[in-house]
>>> print(open('protein-v5.csv').read())   # CSV, C-alpha atoms and all ligand atoms
chain,number,residue,atom,x,y,z
A,1,MET,CA,-14.3,11.8,2.4
A,2,ALA,CA,-14.3,8.3,3.8
A,3,SER,CA,-17.7,6.8,3.7
A,4,SER,CA,-18.7,4.4,6.5
A,5,GLN,CA,-20.6,2.0,4.3
A,6,PRO,CA,-20.1,-1.5,5.7
A,7,VAL,CA,-18.4,-4.0,3.3
A,8,SER,CA,-21.3,-6.2,2.3
A,9,LEU,CA,-21.1,-9.8,1.4
A,10,ALA,CA,-23.2,-12.3,-0.5
A,11,SER,CA,-26.5,-12.7,1.3
A,12,SER,CA,-26.2,-16.5,1.2
A,13,SER,CA,-23.3,-16.4,3.7
A,14,HIS,CA,-23.6,-17.7,7.2
A,15,LEU,CA,-21.4,-17.8,10.3
A,16,VAL,CA,-19.4,-20.4,12.1
A,17,LEU,CA,-18.4,-19.0,15.4
A,18,SER,CA,-15.9,-21.4,16.9
A,19,ILE,CA,-14.5,-24.9,16.6
A,20,GLU,CA,-15.6,-25.4,20.2
A,21,GLU,CA,-19.1,-24.9,19.0
A,22,GLU,CA,-18.7,-27.2,16.0
A,23,LEU,CA,-17.3,-30.1,18.1
A,24,ALA,CA,-20.0,-29.6,20.7
A,25,LYS,CA,-22.6,-30.4,18.0
A,26,ASP,CA,-21.3,-34.0,17.8
A,27,PRO,CA,-18.6,-34.8,20.3
A,28,LYS,CA,-18.0,-38.3,18.7
A,29,ILE,CA,-16.5,-36.6,15.6
A,30,THR,CA,-12.9,-35.5,16.0
A,31,VAL,CA,-12.5,-33.6,12.8
A,32,PRO,CA,-15.9,-32.6,11.3
A,33,GLU,CA,-16.0,-33.2,7.5
A,34,ARG,CA,-16.1,-29.5,6.7
A,35,TYR,CA,-12.6,-29.1,8.1
A,36,VAL,CA,-11.0,-32.0,6.3
A,37,ARG,CA,-8.6,-31.1,3.4
A,38,VAL,CA,-6.8,-33.8,1.5
A,39,GLY,CA,-4.3,-34.0,-1.2
A,40,GLN,CA,-3.9,-30.4,-2.1
A,41,ASP,CA,-0.7,-29.3,-0.5
A,42,PRO,CA,2.7,-29.3,-2.1
A,43,PRO,CA,5.5,-30.9,-0.1
A,44,ILE,CA,7.0,-29.3,3.0
A,45,LEU,CA,10.7,-28.7,3.1
A,46,GLU,CA,12.0,-31.2,5.7
A,47,THR,CA,14.7,-28.9,7.1
A,48,PRO,CA,13.6,-25.3,7.7
A,49,ILE,CA,15.9,-22.9,6.0
A,50,PRO,CA,16.7,-19.6,7.7
A,51,ILE,CA,14.5,-16.7,6.8
A,52,PRO,CA,16.3,-13.4,6.2
A,53,THR,CA,16.5,-11.0,9.2
A,54,ILE,CA,16.3,-7.2,9.2
A,55,ASP,CA,17.8,-5.4,12.2
A,56,MET,CA,16.0,-2.2,13.0
A,57,LYS,CA,19.0,-0.9,14.9
A,58,GLN,CA,21.2,-1.4,11.8
A,59,LEU,CA,18.6,0.3,9.6
A,60,VAL,CA,18.9,3.5,11.7
A,61,SER,CA,22.6,3.5,12.4
A,62,ILE,CA,24.7,5.8,10.2
A,63,GLU,CA,27.4,3.2,9.7
A,64,THR,CA,25.2,0.3,8.8
A,65,LYS,CA,22.0,1.7,7.3
A,66,ASP,CA,23.1,1.5,3.6
A,67,LEU,CA,23.9,-2.1,3.8
A,68,GLU,CA,20.8,-3.0,5.8
A,69,LYS,CA,18.6,-1.1,3.4
A,70,LYS,CA,20.1,-3.1,0.5
A,71,LYS,CA,19.3,-6.2,2.4
A,72,LEU,CA,15.7,-5.1,3.0
A,73,HIS,CA,15.3,-4.4,-0.8
A,74,GLU,CA,16.6,-7.9,-1.6
A,75,CYS,CA,14.3,-9.6,1.1
A,76,CYS,CA,11.3,-7.9,-0.4
A,77,LYS,CA,12.1,-8.9,-3.9
A,78,GLU,CA,13.3,-12.4,-3.3
A,79,TRP,CA,11.3,-13.5,-0.3
A,80,GLY,CA,8.5,-11.1,0.4
A,81,LEU,CA,9.0,-11.4,4.1
A,82,PHE,CA,11.7,-11.0,6.8
A,83,GLU,CA,12.1,-11.4,10.5
A,84,LEU,CA,12.4,-8.0,12.2
A,85,VAL,CA,14.7,-7.9,15.2
A,86,ASN,CA,15.7,-5.1,17.6
A,87,HIS,CA,12.3,-3.5,16.8
A,88,GLY,CA,12.1,-1.6,20.0
A,89,VAL,CA,8.8,-2.9,21.2
A,90,SER,CA,9.3,-3.7,24.9
A,91,SER,CA,9.2,-7.3,26.0
A,92,SER,CA,7.0,-6.2,29.0
A,93,LEU,CA,4.4,-4.9,26.5
A,94,LEU,CA,4.6,-8.1,24.4
A,95,GLU,CA,4.2,-10.3,27.5
A,96,LYS,CA,1.1,-8.3,28.6
A,97,LEU,CA,-0.2,-8.6,25.0
A,98,ASN,CA,0.3,-12.3,25.0
A,99,ASP,CA,-1.5,-12.8,28.3
A,100,GLU,CA,-4.4,-10.6,27.2
A,101,ILE,CA,-4.9,-12.3,23.9
A,102,GLU,CA,-4.7,-15.7,25.4
A,103,GLY,CA,-7.2,-14.5,28.1
A,104,PHE,CA,-9.6,-13.4,25.4
A,105,PHE,CA,-9.7,-16.7,23.6
A,106,LYS,CA,-10.3,-18.4,27.0
A,107,LEU,CA,-13.4,-16.4,27.7
A,108,PRO,CA,-16.6,-18.5,27.7
A,109,LEU,CA,-18.1,-18.8,24.3
A,110,GLU,CA,-21.1,-16.7,25.4
A,111,GLU,CA,-18.8,-13.8,26.1
A,112,LYS,CA,-17.0,-14.0,22.7
A,113,THR,CA,-20.4,-14.4,21.0
A,114,LYS,CA,-21.0,-10.7,21.9
A,115,TYR,CA,-18.5,-9.9,19.2
A,116,LYS,CA,-19.8,-12.2,16.6
A,117,ILE,CA,-19.7,-11.1,12.9
A,118,ARG,CA,-23.0,-9.5,12.0
A,119,PRO,CA,-24.9,-10.3,8.8
A,120,GLY,CA,-23.3,-8.6,5.8
A,121,ASP,CA,-20.1,-7.8,7.6
A,122,VAL,CA,-16.6,-9.4,7.9
A,123,GLN,CA,-15.5,-7.9,11.2
A,124,GLY,CA,-15.9,-9.6,14.5
A,125,TYR,CA,-15.5,-13.1,16.0
A,126,GLY,CA,-16.1,-16.2,13.8
A,127,THR,CA,-15.7,-17.2,10.2
A,128,VAL,CA,-18.0,-16.2,7.4
A,129,VAL,CA,-19.0,-19.2,5.4
A,130,ARG,CA,-19.9,-18.4,1.8
A,131,SER,CA,-21.0,-21.8,0.4
A,132,ASP,CA,-22.1,-25.1,1.8
A,133,ASN,CA,-19.1,-26.9,0.4
A,134,GLN,CA,-16.5,-24.4,1.7
A,135,ARG,CA,-13.8,-26.1,3.7
A,136,LEU,CA,-13.2,-24.5,7.0
A,137,ASP,CA,-9.9,-23.5,8.8
A,138,TRP,CA,-9.0,-25.0,12.1
A,139,GLY,CA,-8.8,-21.7,13.8
A,140,ASP,CA,-11.1,-19.2,15.7
A,141,ARG,CA,-10.6,-15.6,14.8
A,142,MET,CA,-11.4,-12.1,15.7
A,143,TYR,CA,-10.9,-9.5,13.0
A,144,MET,CA,-11.4,-5.7,13.4
A,145,ILE,CA,-10.6,-2.5,11.7
A,146,ILE,CA,-8.9,-0.3,14.4
A,147,ASN,CA,-7.8,2.7,12.5
A,148,PRO,CA,-9.0,5.3,11.6
A,149,LEU,CA,-10.9,5.6,14.9
A,150,HIS,CA,-14.2,6.5,13.3
A,151,ARG,CA,-14.2,3.2,11.4
A,152,ARG,CA,-14.1,1.1,14.6
A,153,LYS,CA,-17.4,-0.8,15.1
A,154,PRO,CA,-18.9,0.4,18.4
A,155,TYR,CA,-19.6,-3.2,19.5
A,156,LEU,CA,-16.2,-4.6,18.8
A,157,PHE,CA,-13.0,-2.8,19.9
A,158,PRO,CA,-14.6,-0.3,22.3
A,159,GLU,CA,-16.4,-3.3,24.0
A,160,LEU,CA,-13.4,-5.5,24.6
A,161,PRO,CA,-12.3,-6.2,28.2
A,162,THR,CA,-10.6,-3.0,29.4
A,163,SER,CA,-7.2,-4.4,29.9
A,164,LEU,CA,-7.1,-6.1,26.5
A,165,ARG,CA,-8.3,-2.9,24.9
A,166,GLU,CA,-5.6,-0.8,26.6
A,167,THR,CA,-2.9,-3.2,25.8
A,168,LEU,CA,-4.0,-3.5,22.1
A,169,GLU,CA,-4.0,0.3,22.0
A,170,ALA,CA,-0.4,0.5,23.2
A,171,TYR,CA,0.7,-2.2,20.8
A,172,LEU,CA,-1.2,-0.5,18.0
A,173,LEU,CA,0.9,2.7,18.5
A,174,GLU,CA,4.2,0.8,18.7
A,175,SER,CA,3.4,-1.3,15.6
A,176,GLN,CA,2.3,1.9,13.7
A,177,ARG,CA,5.6,3.6,14.6
A,178,LEU,CA,7.5,0.5,13.2
A,179,ALA,CA,5.3,0.2,10.1
A,180,MET,CA,5.7,3.9,9.2
A,181,GLN,CA,9.5,3.6,9.6
A,182,LEU,CA,9.5,0.6,7.3
A,183,PHE,CA,7.3,2.4,4.8
A,184,GLY,CA,9.7,5.3,4.8
A,185,TYR,CA,12.6,3.0,3.9
A,186,LEU,CA,10.5,1.1,1.3
A,187,GLY,CA,9.5,4.4,-0.4
A,188,GLU,CA,13.2,5.3,-0.7
A,189,LEU,CA,14.1,1.9,-2.0
A,190,LEU,CA,11.4,2.2,-4.7
A,191,GLU,CA,12.7,5.7,-5.5
A,192,MET,CA,9.2,7.1,-4.9
A,193,GLU,CA,8.8,10.9,-4.5
A,194,MET,CA,9.9,12.2,-1.1
A,195,GLY,CA,7.0,11.5,1.4
A,196,GLU,CA,4.8,9.8,-1.3
A,197,MET,CA,4.8,6.4,0.5
A,198,GLU,CA,4.3,8.0,4.0
A,199,ASP,CA,1.4,10.1,2.7
A,200,LEU,CA,-0.4,7.0,1.4
A,201,PHE,CA,-0.1,5.1,4.7
A,202,GLU,CA,-0.2,7.9,7.2
A,203,ASP,CA,-3.3,7.4,9.3
A,204,GLY,CA,-4.1,4.6,7.0
A,205,MET,CA,-6.6,1.7,7.3
A,206,GLN,CA,-5.2,-0.6,10.0
A,207,SER,CA,-6.8,-3.8,11.0
A,208,VAL,CA,-6.0,-6.7,13.3
A,209,ARG,CA,-6.6,-10.4,13.2
A,210,MET,CA,-6.1,-12.4,16.4
A,211,THR,CA,-6.3,-16.2,15.8
A,212,TYR,CA,-6.5,-19.1,18.2
A,213,TYR,CA,-5.6,-22.5,16.7
A,214,PRO,CA,-6.8,-25.3,19.0
A,215,PRO,CA,-4.9,-28.5,19.1
A,216,CYS,CA,-6.3,-30.9,16.5
A,217,PRO,CA,-6.6,-34.7,17.0
A,218,GLN,CA,-5.6,-35.2,13.3
A,219,PRO,CA,-3.6,-32.1,12.3
A,220,GLU,CA,-2.6,-33.7,8.9
A,221,LEU,CA,-6.2,-33.5,7.8
A,222,VAL,CA,-6.7,-29.8,8.4
A,223,VAL,CA,-5.2,-26.4,7.8
A,224,GLY,CA,-5.2,-23.6,10.4
A,225,LEU,CA,-5.4,-20.8,8.0
A,226,THR,CA,-5.9,-21.3,4.2
A,227,PRO,CA,-3.0,-20.4,2.0
A,228,HIS,CA,-3.2,-16.7,1.0
A,229,SER,CA,-1.2,-13.5,0.5
A,230,ASP,CA,-2.2,-10.6,2.7
A,231,ALA,CA,-4.1,-7.8,0.9
A,232,ALA,CA,-2.2,-5.2,3.0
A,233,GLY,CA,0.8,-3.0,2.3
A,234,ILE,CA,2.7,-4.8,5.0
A,235,THR,CA,1.7,-7.1,7.9
A,236,ILE,CA,3.4,-7.3,11.3
A,237,LEU,CA,2.9,-10.8,12.6
A,238,HIS,CA,3.5,-11.7,16.2
A,239,GLN,CA,3.4,-15.3,17.4
A,240,VAL,CA,1.8,-15.0,20.8
A,241,ASN,CA,2.7,-18.2,22.7
A,242,GLY,CA,5.8,-19.4,20.8
A,243,VAL,CA,4.2,-22.4,19.2
A,244,GLU,CA,5.2,-22.6,15.5
A,245,GLY,CA,3.0,-23.3,12.6
A,246,PHE,CA,3.5,-20.4,10.2
A,247,GLN,CA,4.7,-21.5,6.7
A,248,ILE,CA,5.5,-19.7,3.5
A,249,LYS,CA,5.4,-21.0,-0.1
A,250,LYS,CA,8.7,-20.3,-1.9
A,251,ASP,CA,9.6,-21.8,-5.3
A,252,GLY,CA,6.6,-24.1,-5.0
A,253,VAL,CA,7.6,-25.6,-1.6
A,254,TRP,CA,6.1,-24.9,1.8
A,255,ILE,CA,8.8,-23.7,4.2
A,256,PRO,CA,8.2,-23.7,8.0
A,257,VAL,CA,9.2,-20.4,9.6
A,258,ASN,CA,10.8,-20.5,13.0
A,259,PHE,CA,10.3,-17.3,14.7
A,260,LEU,CA,13.5,-15.9,16.3
A,261,PRO,CA,13.1,-15.0,19.9
A,262,ASN,CA,11.6,-11.5,20.2
A,263,ALA,CA,11.3,-11.1,16.4
A,264,PHE,CA,8.2,-10.1,14.4
A,265,VAL,CA,7.7,-11.6,11.0
A,266,VAL,CA,6.9,-8.8,8.4
A,267,ASN,CA,5.0,-9.9,5.3
A,268,ILE,CA,5.0,-7.9,2.1
A,269,GLY,CA,1.3,-7.8,1.0
A,270,ASP,CA,-0.5,-7.4,-2.3
A,271,ILE,CA,-0.5,-3.5,-2.1
A,272,LEU,CA,3.3,-3.4,-1.9
A,273,GLU,CA,3.5,-5.7,-4.8
A,274,ILE,CA,1.2,-3.4,-6.8
A,275,LEU,CA,3.0,-0.2,-5.7
A,276,SER,CA,6.4,-1.8,-6.8
A,277,ASN,CA,4.8,-2.9,-10.1
A,278,GLY,CA,5.7,-6.5,-9.3
A,279,LEU,CA,9.2,-5.9,-8.1
A,280,TYR,CA,8.3,-6.9,-4.5
A,281,ASN,CA,6.7,-10.3,-3.8
A,282,SER,CA,3.6,-10.6,-1.7
A,283,ILE,CA,4.4,-13.8,0.0
A,284,GLU,CA,1.9,-16.7,0.1
A,285,HIS,CA,1.6,-18.2,3.5
A,286,ARG,CA,-0.6,-20.5,5.7
A,287,ALA,CA,-0.8,-21.7,9.3
A,288,ASN,CA,-0.7,-25.3,10.3
A,289,VAL,CA,-1.8,-26.8,13.6
A,290,ASN,CA,-0.5,-29.6,15.8
A,291,SER,CA,-2.1,-32.3,18.0
A,292,GLU,CA,-0.7,-31.1,21.3
A,293,LYS,CA,-0.4,-27.4,21.6
A,294,GLU,CA,-2.7,-24.6,20.9
A,295,ARG,CA,-1.2,-21.8,18.9
A,296,VAL,CA,-2.1,-18.1,19.0
A,297,SER,CA,-1.1,-15.2,16.7
A,298,ILE,CA,-1.8,-11.6,16.1
A,299,ALA,CA,-1.4,-10.0,12.7
A,300,MET,CA,-1.5,-6.2,12.2
A,301,PHE,CA,-2.3,-5.1,8.7
A,302,PHE,CA,-1.2,-1.7,7.4
A,303,ASN,CA,-3.0,-0.2,4.4
A,304,PRO,CA,-3.3,3.1,2.7
A,305,LYS,CA,-5.9,5.6,4.0
A,306,PHE,CA,-9.4,4.9,2.8
A,307,GLU,CA,-9.5,8.2,0.7
A,308,ALA,CA,-6.4,7.1,-1.2
A,309,GLU,CA,-6.1,5.8,-4.7
A,310,PHE,CA,-3.1,3.7,-5.5
A,311,GLY,CA,-1.5,1.7,-8.3
A,312,PRO,CA,2.1,1.1,-9.5
A,313,ALA,CA,4.3,4.0,-8.4
A,314,SER,CA,5.3,6.3,-11.2
A,315,SER,CA,9.0,5.7,-10.2
A,316,MET,CA,8.5,2.1,-11.2
A,317,LEU,CA,7.1,2.8,-14.7
A,318,ASN,CA,8.8,3.6,-18.0
A,319,PRO,CA,8.2,2.5,-21.6
A,320,ASN,CA,9.9,-0.8,-20.9
A,321,ASN,CA,8.1,-1.3,-17.7
A,322,PRO,CA,4.4,-0.7,-18.3
A,323,PRO,CA,2.0,-1.0,-15.3
A,324,LEU,CA,1.1,-4.5,-14.5
A,325,PHE,CA,-1.7,-3.6,-12.1
A,326,ARG,CA,-4.8,-1.4,-12.2
A,327,ARG,CA,-5.1,1.8,-10.1
A,328,VAL,CA,-7.9,1.5,-7.5
A,329,GLY,CA,-9.3,3.4,-4.6
A,330,MET,CA,-8.8,1.9,-1.2
A,331,GLU,CA,-12.5,1.7,-0.5
A,332,LYS,CA,-13.2,-0.3,-3.6
A,333,TYR,CA,-10.1,-2.4,-3.1
A,334,PHE,CA,-11.2,-3.6,0.3
A,335,LYS,CA,-14.8,-4.1,-0.7
A,336,ASP,CA,-13.8,-6.3,-3.6
A,337,PHE,CA,-11.3,-8.2,-1.3
A,338,PHE,CA,-13.8,-9.0,1.3
A,339,SER,CA,-16.4,-10.1,-1.2
A,340,ARG,CA,-14.1,-13.0,-2.1
A,341,SER,CA,-12.8,-16.0,-0.1
A,342,LEU,CA,-9.1,-16.2,0.8
A,343,ASN,CA,-7.4,-18.2,-1.9
A,344,GLY,CA,-3.7,-18.1,-2.6
A,345,ARG,CA,-2.7,-15.0,-4.6
A,346,THR,CA,-5.9,-14.8,-6.7
A,347,TYR,CA,-6.8,-11.3,-5.5
A,348,LEU,CA,-3.5,-10.0,-6.8
A,349,ASP,CA,-4.3,-11.7,-10.1
A,350,TYR,CA,-7.6,-10.0,-10.2
A,351,MET,CA,-5.8,-6.6,-9.9
A,352,ARG,CA,-3.5,-7.5,-12.8
A,353,ILE,CA,-4.0,-5.6,-16.1
A,354,LYS,CA,-5.2,-8.3,-18.6
A,355,ASN,CA,-4.1,-8.4,-22.2
A,356,GLY,CA,-5.9,-5.8,-24.2
A,357,GLU,CA,-7.3,-4.0,-21.1
A,358,ALA,CA,-7.1,-0.2,-21.1
A,359,ASN,CA,-4.1,1.0,-19.1
A,360,ASN,CA,-5.1,3.7,-16.7
A,361,ALA,CA,-2.3,3.3,-14.3
A,362,ASN,CA,-0.5,6.5,-15.1
B,401,LIG,O1,-1.3,-17.2,12.4
B,401,LIG,C1,-0.4,-17.0,11.6
B,401,LIG,O2,0.8,-17.4,11.9
B,401,LIG,C2,-0.7,-16.4,10.3
B,401,LIG,C3,-1.7,-15.3,10.4
B,401,LIG,C4,-2.0,-14.7,9.0
B,401,LIG,O3,-1.4,-15.0,8.1
B,401,LIG,C5,-3.1,-13.7,8.9
B,401,LIG,O4,-3.8,-13.5,9.9
B,401,LIG,O5,-3.3,-13.2,7.8
B,402,FE,FE,-1.8,-13.7,6.4
>>> encode(input="protein-v5.csv", output="structure tokens", more="lines below")
Ligand SMILES: O=C(O)CCC(=O)C(=O)O
Ligand SMILES: [Fe+2]
Amino acid sequence: MASSQPVSLASSSHLVLSIEEELAKDPKITVPERYVRVGQDPPILETPIPIPTIDMKQLVSIETKDLEKKKLHECCKEWGLFELVNHGVSSSLLEKLNDEIEGFFKLPLEEKTKYKIRPGDVQGYGTVVRSDNQRLDWGDRMYMIINPLHRRKPYLFPELPTSLRETLEAYLLESQRLAMQLFGYLGELLEMEMGEMEDLFEDGMQSVRMTYYPPCPQPELVVGLTPHSDAAGITILHQVNGVEGFQIKKDGVWIPVNFLPNAFVVNIGDILEILSNGLYNSIEHRANVNSEKERVSIAMFFNPKFEAEFGPASSMLNPNNPPLFRRVGMEKYFKDFFSRSLNGRTYLDYMRIKNGEANNAN
């Protein structure tokens, strides 16, 4: 049975609600010290290189599906992300979603404060700060678990403005449909037992992060979202207002990703890397900001059900390919994840079986 214990954090943590609030403290300061990052980023590739595209229509069509599935497999191994086109989510729903999310971030701060992260939790509006010297991201966020329904915090999703809630609910169903289709193909590609992947993710833990990146007077000094890989199975990322800023790290270089019109970016997360025993790549990414335009995004994270335990799939293991990662229950996986700060791919490393450690992944 799923327990509804909240994920608890170090008691020394505190909350920063919004950049608006930070700047209001001292309007003379353009970028408060706590947001400044210097000298830690590898170079950015000057010319963006195209990101592989997966076409949902081709994945389902009898004539093209084999070729498209092969391409999907290669994308997950080589890149750990792809742009998904012809996904079937209507442009009218996406336009409504865009308006509603932008409307949410434009609400007065007192309104958004109703959703602020409560002590010991990670869900809600704002950023949990775990130490005094932690560098902050130039972005305001709202993070919530939205599936299964009994895990929704009563003061978050159910209390959102009605039209935002209804639109998110519709988008949730559409993105679930897409994610389950993709999990089906990925299970086949990893030669998992029939239905094994679907069973793991059916009615799984789904969460959403909406982020508002305000324009920054000195964008080169800050980062919108710290480099990280997603802890999820897959993430469906939608860029709400068409302003670019999403970047991935490939072969040690940051590559800007230009979203194709009407495309989602799908990230392979740590759980898929674990299930595939390292064959798939959970891509490291970050968000940058600019001085003129605000940027808004919504990321839907798809995870196994809370009751599930997972580790490298047995189809990926043999005497020459021993398990690289530990088996773990979802509840513990997330508790451990949220007790740490986002930091590159360090959580995946934490899940790695170390030399000499007992191998319990079978
Ligand atoms: O805003 C973006 O483009 C990236 C969002 C993201 O990576 C996340 O929410 O985990
Ligand atoms: Fe992410």
>>> residues_near_ligand(input="protein-v5.csv", ligand="ligand LIG 401 (chain B)", cutoff="6 Å", atoms="all atoms listed in the file", output="VMD selection string")
chain A and resid 209 230 246 287 297 299
>>> residues_near_ligand(input="protein-v5.csv", ligand="ligand FE 402 (chain B)", cutoff="10 Å", atoms="all atoms listed in the file", output="number ranges by chain")
A: 209, 225-232, 235-237, 246, 248, 267-269, 283-287, 298-301, 342
>>> closest_residue(input="protein-v5.csv", among="A:Glu188, A:Asp137, A:Glu193, A:Asp349", to="Arg37 of chain A", atoms="all atoms listed in the file")
A:Asp137
>>> atom_distance(input="protein-v5.csv", atom1="atom CA of His14 of chain A", atom2="atom CA of Glu33 of chain A")
17.3 Å
>>> closest_residue(input="protein-v5.csv", among="A:Phe157, A:Tyr143, A:Phe183, A:Phe302", to="Thr211 of chain A", atoms="all atoms listed in the file")
A:Tyr143
>>> atom_distance(input="protein-v5.csv", atom1="atom CA of Gly233 of chain A", atom2="atom CA of Pro50 of chain A")
23.6 Å
>>> decode(input="protein-v5.csv", residues="segment 232-251 of chain A", atoms="N, CA, C and O atoms", output="PDB file, in the first residue's frame")
ATOM      1  N   ALA A 232      12.961  11.149 -13.174  1.00  0.00           N
ATOM      2  CA  ALA A 232      11.793  10.407 -13.681  1.00  0.00           C
ATOM      3  C   ALA A 232      12.162   9.285 -14.655  1.00  0.00           C
ATOM      4  O   ALA A 232      13.327   9.072 -14.986  1.00  0.00           O
ATOM      5  N   GLY A 233      11.110   8.570 -15.121  1.00  0.00           N
ATOM      6  CA  GLY A 233      11.257   7.657 -16.251  1.00  0.00           C
ATOM      7  C   GLY A 233      11.452   8.492 -17.507  1.00  0.00           C
ATOM      8  O   GLY A 233      12.528   8.530 -18.098  1.00  0.00           O
ATOM      9  N   ILE A 234      10.403   9.200 -17.895  1.00  0.00           N
ATOM     10  CA  ILE A 234      10.552  10.208 -18.943  1.00  0.00           C
ATOM     11  C   ILE A 234       9.903  11.519 -18.494  1.00  0.00           C
ATOM     12  O   ILE A 234       9.054  11.530 -17.597  1.00  0.00           O
ATOM     13  N   THR A 235      10.318  12.600 -19.131  1.00  0.00           N
ATOM     14  CA  THR A 235       9.724  13.920 -18.891  1.00  0.00           C
ATOM     15  C   THR A 235       9.203  14.442 -20.226  1.00  0.00           C
ATOM     16  O   THR A 235       9.895  14.334 -21.242  1.00  0.00           O
ATOM     17  N   ILE A 236       7.995  14.982 -20.207  1.00  0.00           N
ATOM     18  CA  ILE A 236       7.494  15.662 -21.409  1.00  0.00           C
ATOM     19  C   ILE A 236       7.554  17.162 -21.113  1.00  0.00           C
ATOM     20  O   ILE A 236       6.897  17.654 -20.192  1.00  0.00           O
ATOM     21  N   LEU A 237       8.375  17.850 -21.877  1.00  0.00           N
ATOM     22  CA  LEU A 237       8.621  19.277 -21.629  1.00  0.00           C
ATOM     23  C   LEU A 237       7.951  20.112 -22.722  1.00  0.00           C
ATOM     24  O   LEU A 237       8.124  19.839 -23.909  1.00  0.00           O
ATOM     25  N   HIS A 238       7.187  21.100 -22.277  1.00  0.00           N
ATOM     26  CA  HIS A 238       6.517  21.996 -23.209  1.00  0.00           C
ATOM     27  C   HIS A 238       6.966  23.417 -22.909  1.00  0.00           C
ATOM     28  O   HIS A 238       6.924  23.860 -21.761  1.00  0.00           O
ATOM     29  N   GLN A 239       7.432  24.098 -23.950  1.00  0.00           N
ATOM     30  CA  GLN A 239       7.887  25.481 -23.793  1.00  0.00           C
ATOM     31  C   GLN A 239       6.671  26.365 -24.042  1.00  0.00           C
ATOM     32  O   GLN A 239       6.163  26.427 -25.149  1.00  0.00           O
ATOM     33  N   VAL A 240       6.228  27.025 -22.978  1.00  0.00           N
ATOM     34  CA  VAL A 240       4.917  27.675 -23.017  1.00  0.00           C
ATOM     35  C   VAL A 240       4.862  28.870 -23.966  1.00  0.00           C
ATOM     36  O   VAL A 240       3.919  29.012 -24.735  1.00  0.00           O
ATOM     37  N   ASN A 241       5.835  29.754 -23.903  1.00  0.00           N
ATOM     38  CA  ASN A 241       5.663  30.983 -24.683  1.00  0.00           C
ATOM     39  C   ASN A 241       6.680  31.115 -25.820  1.00  0.00           C
ATOM     40  O   ASN A 241       6.924  32.205 -26.311  1.00  0.00           O
ATOM     41  N   GLY A 242       7.274  30.002 -26.221  1.00  0.00           N
ATOM     42  CA  GLY A 242       8.148  30.005 -27.403  1.00  0.00           C
ATOM     43  C   GLY A 242       9.507  30.653 -27.192  1.00  0.00           C
ATOM     44  O   GLY A 242      10.289  30.738 -28.135  1.00  0.00           O
ATOM     45  N   VAL A 243       9.799  31.096 -25.963  1.00  0.00           N
ATOM     46  CA  VAL A 243      11.123  31.702 -25.732  1.00  0.00           C
ATOM     47  C   VAL A 243      12.102  30.578 -25.376  1.00  0.00           C
ATOM     48  O   VAL A 243      11.831  29.761 -24.507  1.00  0.00           O
ATOM     49  N   GLU A 244      13.243  30.554 -26.100  1.00  0.00           N
ATOM     50  CA  GLU A 244      14.210  29.463 -25.925  1.00  0.00           C
ATOM     51  C   GLU A 244      15.086  29.686 -24.690  1.00  0.00           C
ATOM     52  O   GLU A 244      15.228  30.800 -24.209  1.00  0.00           O
ATOM     53  N   GLY A 245      15.722  28.645 -24.230  1.00  0.00           N
ATOM     54  CA  GLY A 245      16.618  28.744 -23.075  1.00  0.00           C
ATOM     55  C   GLY A 245      17.043  27.372 -22.581  1.00  0.00           C
ATOM     56  O   GLY A 245      17.931  27.244 -21.754  1.00  0.00           O
ATOM     57  N   PHE A 246      16.397  26.328 -23.119  1.00  0.00           N
ATOM     58  CA  PHE A 246      16.690  24.961 -22.694  1.00  0.00           C
ATOM     59  C   PHE A 246      17.975  24.486 -23.362  1.00  0.00           C
ATOM     60  O   PHE A 246      18.160  24.685 -24.557  1.00  0.00           O
ATOM     61  N   GLN A 247      18.873  23.896 -22.578  1.00  0.00           N
ATOM     62  CA  GLN A 247      20.150  23.421 -23.138  1.00  0.00           C
ATOM     63  C   GLN A 247      20.463  22.040 -22.592  1.00  0.00           C
ATOM     64  O   GLN A 247      20.107  21.724 -21.459  1.00  0.00           O
ATOM     65  N   ILE A 248      21.152  21.244 -23.408  1.00  0.00           N
ATOM     66  CA  ILE A 248      21.560  19.909 -22.951  1.00  0.00           C
ATOM     67  C   ILE A 248      23.077  19.805 -22.996  1.00  0.00           C
ATOM     68  O   ILE A 248      23.728  20.497 -23.778  1.00  0.00           O
ATOM     69  N   LYS A 249      23.607  18.923 -22.148  1.00  0.00           N
ATOM     70  CA  LYS A 249      25.054  18.731 -22.146  1.00  0.00           C
ATOM     71  C   LYS A 249      25.360  17.419 -22.876  1.00  0.00           C
ATOM     72  O   LYS A 249      24.909  16.356 -22.451  1.00  0.00           O
ATOM     73  N   LYS A 250      26.053  17.548 -23.979  1.00  0.00           N
ATOM     74  CA  LYS A 250      26.399  16.358 -24.761  1.00  0.00           C
ATOM     75  C   LYS A 250      27.892  16.423 -25.053  1.00  0.00           C
ATOM     76  O   LYS A 250      28.376  17.456 -25.503  1.00  0.00           O
ATOM     77  N   ASP A 251      28.577  15.341 -24.785  1.00  0.00           N
ATOM     78  CA  ASP A 251      30.030  15.265 -24.989  1.00  0.00           C
ATOM     79  C   ASP A 251      30.740  16.473 -24.356  1.00  0.00           C
ATOM     80  O   ASP A 251      31.623  17.085 -24.971  1.00  0.00           O
TER      81      ASP A 251
END
